[in-house]
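Colleague: One structure, pasted below without further comment.
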Amino acid sequence: MKFQGSETYVATPDLMLAVNAAITLKRPLLIKGEPGTGKTMLAEEVAQALGMPLLQWHIKSTTKAQQGLYEYDAVNRLRDSQLNTADSAERVKDIRNYIVQGVLWQAFTADQPVALLIDEIDKADIEFPNDLLREIDRMEFYCYETRELIKAKHLPLVFITSNNEKELPDAFLRRCFFHYIKFPEADTMKKIVDVHFPGLKSELLTAAMKTFYDVRNLPGLKKKPSTSELIDWLKLLMAEDIPLEALQSADSKVAVPPLVGALLKNEQDTTLFEKLVFMNQRNR
């Protein structure tokens, strides 16, 4: 079982190598990189290419590790015990009726190997990765309410993404295979754009790419535009039928591109870019 890319996702050779290394080592693949570089999409594409069902666990700041294993619905059980009906009395007898299985439980008990995405793990509390150490390492956990050991029938292919908002514990990192998705170079970016817009004119693409990288390379930006924002911007340029001349400057000076709000997402970066344009115009 090897990942060799897909028609809808441009994977660099080192990224494909990382995916296959994680498969060989039977360890989670920890993916880091700028937001918008396709970390989440990687898990979706690998699962589809390998014919595996995908389970997704999107982490929030309030997410607890226990939720990925299971949750015991004690409130619902108490409510059923107060109904005084034959059905509710019978239901209350079996505590399994009040166990809500989490994604790890579902992945471990699946009848076929599945891909499991733990998305943006760095959003959670710092103790979250530590709380999953044993489960990730041994691929099993104990349910105290039902007194049973939940052990993986088939080892899931685990993807863990991080935007580097928090440092992850060393003990957790040791259990993963790590790969950092570098921001695509121009040639790779053209391949990515071609997947989304196969009929895009080369002149428009060249001009748009130059403008995009000019904006991205501006020193001092709080948030640099990402791959997903370039795709959104190109979609708008095509939808609004923006002429090629609007993206080109006769003297190669920096100019404010049309629909710049698709690339710059806060007032600080917009102001900084406008100041740069103003300074360039004064120096003409």
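Simple scheme: letters A, B, ... for chains in structure tokens order, numbers from 1 for residues in each chain, numbers from 1 for ligands in the order shown.
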With only C-alpha atoms counted and 6 Å as the cut-off, give the residues of stretch 51-166 of chain A in contact with stretch 23-47 of chain A, each with its shortest interatomic distance in Å and the pair that gives it, as CSV.
Modeller:
residue,atom,partner,partner_atom,distance
A:Gly51,CA,A:Ala47,CA,5.9
A:Met52,CA,A:Ala47,CA,4.8
A:Ala115,CA,A:Ala47,CA,5.9
A:Val158,CA,A:Pro28,CA,4.6
A:Phe159,CA,A:Leu29,CA,4.9
A:Ile160,CA,A:Leu30,CA,4.7
A:Thr161,CA,A:Ile31,CA,4.8
A:Ser162,CA,A:Lys32,CA,5.0
A:Asn163,CA,A:Lys32,CA,5.9
Colleague: Could you please write out, as a ChimeraX atom specification, every residue of stretch 133-216 of chain A that DSSP assigns to strand (DSSP E or B)?
Modeller: /A:140-143,148-151,157-162,177-181
Colleague: As JSON, numbers by chain, please: the residues near stretch 69-85 of chain A (cut-off 7 Å, only C-alpha atoms, same-chain neighbours under 5 positions excluded).
Modeller: {"A": [92, 98, 99, 100, 101, 102, 103, 104, 105]}
Colleague: Rounded to one decimal, what separation in Å do you get between atom CA of A:Arg134 and atom CA of A:Pro113?
Modeller: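 Those two atoms sit 19.9 Å apart.
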Colleague: Tell me, in Å to one decimal, how far atom CA of A:Ala207 is from atom CA of A:Leu244.
Modeller: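 These atoms are spaced 7.4 Å apart.
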Colleague: Using only C-alpha atoms, find the one residue out of A:Leu155, A:Ile95, A:Ala110, A:Ile118 that sits nearest to A:Cys143.
Modeller: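 Of A:Leu155, A:Ile95, A:Ala110, A:Ile118, the one nearest A:Cys143, counting only C-alpha atoms, is A:Ile95.
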Colleague: List every residue of stretch 60-280 of chain A that DSSP, applied to the backbone of this structure, places in alpha helix (DSSP H), and write the result as a PyMOL selection string.
Modeller: chain A and resi 65-69+74-81+86-93+103-109+127-131+133-138+170-174+186-196+202-216+227-239+267-280
Colleague: Can you tell me, as a ChimeraX atom specification, what residues are no more than 9 Å from A:Met209 when counting only C-alpha atoms, ignoring any on the same chain fewer than 2 positions away?
Modeller: /A:186,189-190,204-207,211-214,230
Colleague: Would you output that residue set with N, CA, C and O atoms, as a PDB file, in the first residue's frame?
Modeller:
ATOM      1  N   ALA A 186       7.188  28.322  -7.462  1.00  0.00           N
ATOM      2  CA  ALA A 186       6.351  28.751  -8.585  1.00  0.00           C
ATOM      3  C   ALA A 186       5.945  27.594  -9.482  1.00  0.00           C
ATOM      4  O   ALA A 186       4.784  27.494  -9.899  1.00  0.00           O
ATOM      5  N   MET A 189       3.392  25.516  -7.769  1.00  0.00           N
ATOM      6  CA  MET A 189       2.151  26.284  -7.658  1.00  0.00           C
ATOM      7  C   MET A 189       1.386  26.281  -8.981  1.00  0.00           C
ATOM      8  O   MET A 189       0.160  26.200  -9.001  1.00  0.00           O
ATOM      9  N   LYS A 190       2.098  26.354 -10.097  1.00  0.00           N
ATOM     10  CA  LYS A 190       1.436  26.313 -11.406  1.00  0.00           C
ATOM     11  C   LYS A 190       0.714  24.981 -11.610  1.00  0.00           C
ATOM     12  O   LYS A 190      -0.380  24.933 -12.180  1.00  0.00           O
ATOM     13  N   LEU A 204      -2.412  35.116 -18.322  1.00  0.00           N
ATOM     14  CA  LEU A 204      -3.084  35.537 -17.096  1.00  0.00           C
ATOM     15  C   LEU A 204      -2.462  34.864 -15.888  1.00  0.00           C
ATOM     16  O   LEU A 204      -2.243  35.495 -14.846  1.00  0.00           O
ATOM     17  N   LEU A 205      -2.151  33.574 -16.016  1.00  0.00           N
ATOM     18  CA  LEU A 205      -1.537  32.843 -14.907  1.00  0.00           C
ATOM     19  C   LEU A 205      -0.177  33.434 -14.554  1.00  0.00           C
ATOM     20  O   LEU A 205       0.133  33.636 -13.375  1.00  0.00           O
ATOM     21  N   THR A 206       0.644  33.735 -15.548  1.00  0.00           N
ATOM     22  CA  THR A 206       1.980  34.296 -15.302  1.00  0.00           C
ATOM     23  C   THR A 206       1.886  35.636 -14.582  1.00  0.00           C
ATOM     24  O   THR A 206       2.604  35.888 -13.603  1.00  0.00           O
ATOM     25  N   ALA A 207       0.963  36.504 -15.052  1.00  0.00           N
ATOM     26  CA  ALA A 207       0.797  37.818 -14.433  1.00  0.00           C
ATOM     27  C   ALA A 207       0.250  37.694 -13.010  1.00  0.00           C
ATOM     28  O   ALA A 207       0.714  38.375 -12.088  1.00  0.00           O
ATOM     29  N   THR A 211       2.141  38.761  -9.417  1.00  0.00           N
ATOM     30  CA  THR A 211       1.504  39.647  -8.435  1.00  0.00           C
ATOM     31  C   THR A 211       1.375  38.954  -7.087  1.00  0.00           C
ATOM     32  O   THR A 211       1.653  39.543  -6.036  1.00  0.00           O
ATOM     33  N   PHE A 212       0.965  37.686  -7.118  1.00  0.00           N
ATOM     34  CA  PHE A 212       0.785  36.933  -5.868  1.00  0.00           C
ATOM     35  C   PHE A 212       2.087  36.836  -5.081  1.00  0.00           C
ATOM     36  O   PHE A 212       2.125  37.107  -3.875  1.00  0.00           O
ATOM     37  N   TYR A 213       3.180  36.468  -5.751  1.00  0.00           N
ATOM     38  CA  TYR A 213       4.456  36.329  -5.047  1.00  0.00           C
ATOM     39  C   TYR A 213       5.030  37.684  -4.644  1.00  0.00           C
ATOM     40  O   TYR A 213       5.733  37.783  -3.633  1.00  0.00           O
ATOM     41  N   ASP A 214       4.735  38.749  -5.401  1.00  0.00           N
ATOM     42  CA  ASP A 214       5.146  40.093  -4.991  1.00  0.00           C
ATOM     43  C   ASP A 214       4.478  40.477  -3.676  1.00  0.00           C
ATOM     44  O   ASP A 214       5.109  41.018  -2.769  1.00  0.00           O
ATOM     45  N   LEU A 230      -4.736  32.134  -3.110  1.00  0.00           N
ATOM     46  CA  LEU A 230      -4.439  32.315  -4.526  1.00  0.00           C
ATOM     47  C   LEU A 230      -5.531  31.690  -5.388  1.00  0.00           C
ATOM     48  O   LEU A 230      -5.983  32.293  -6.375  1.00  0.00           O
TER      49      LEU A 230
END
Colleague: Please provide the set of residues having any atom within 12 Å of A:Asp125, restricted to only C-alpha atoms, with same-chain residues fewer than 3 positions apart removed, written as a PDB file with C-alpha atoms, in the first residue's frame.
Modeller:
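And here's result-v9.pdb as it stands now:
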ATOM      1  CA  ILE A  59      -9.953  19.968  17.226  1.00  0.00           C
ATOM      2  CA  LYS A  60     -11.176  23.116  18.997  1.00  0.00           C
ATOM      3  CA  SER A  61      -9.808  24.993  21.997  1.00  0.00           C
ATOM      4  CA  THR A  62     -12.387  23.236  24.204  1.00  0.00           C
ATOM      5  CA  THR A  63     -11.779  19.717  22.864  1.00  0.00           C
ATOM      6  CA  LYS A  64     -10.704  17.083  25.373  1.00  0.00           C
ATOM      7  CA  ALA A  65      -8.866  13.869  24.555  1.00  0.00           C
ATOM      8  CA  GLU A 120      -5.218  21.195  14.103  1.00  0.00           C
ATOM      9  CA  ILE A 121      -4.108  19.451  17.269  1.00  0.00           C
ATOM     10  CA  ASP A 122      -2.325  22.601  18.432  1.00  0.00           C
ATOM     11  CA  PHE A 128      -4.294  17.232  24.977  1.00  0.00           C
ATOM     12  CA  PRO A 129      -1.419  15.484  23.132  1.00  0.00           C
ATOM     13  CA  ASN A 130      -0.116  14.011  26.399  1.00  0.00           C
ATOM     14  CA  ASP A 131      -3.552  12.583  27.146  1.00  0.00           C
ATOM     15  CA  GLU A 165       0.281  27.671  17.322  1.00  0.00           C
ATOM     16  CA  LYS A 166       1.644  25.684  20.274  1.00  0.00           C
ATOM     17  CA  GLU A 167       4.688  23.476  20.769  1.00  0.00           C
ATOM     18  CA  LEU A 168       3.857  19.796  21.037  1.00  0.00           C
ATOM     19  CA  PRO A 169       5.395  17.647  23.808  1.00  0.00           C
TER      20      PRO A 169
END
Colleague: Nearest to A:Asp94 among A:Ser226, A:Glu145, A:Gly68, A:Ala239, with distances taken over only C-alpha atoms: which residue is it?
Modeller: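 Closest to A:Asp94 of all the choices is A:Glu145.
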Colleague: Quick check, in Å to one decimal: how far apart do atom CA of A:Leu157 and atom CA of A:Leu54 lie?
Modeller: 9.3 Å
Colleague: Which residues come within 10 Å of A:Ile192, counting only C-alpha atoms, excluding same-chain residues fewer than 5 positions away, as a ChimeraX atom specification?
Modeller: /A:8-11,184,186-187,197-198,227,231
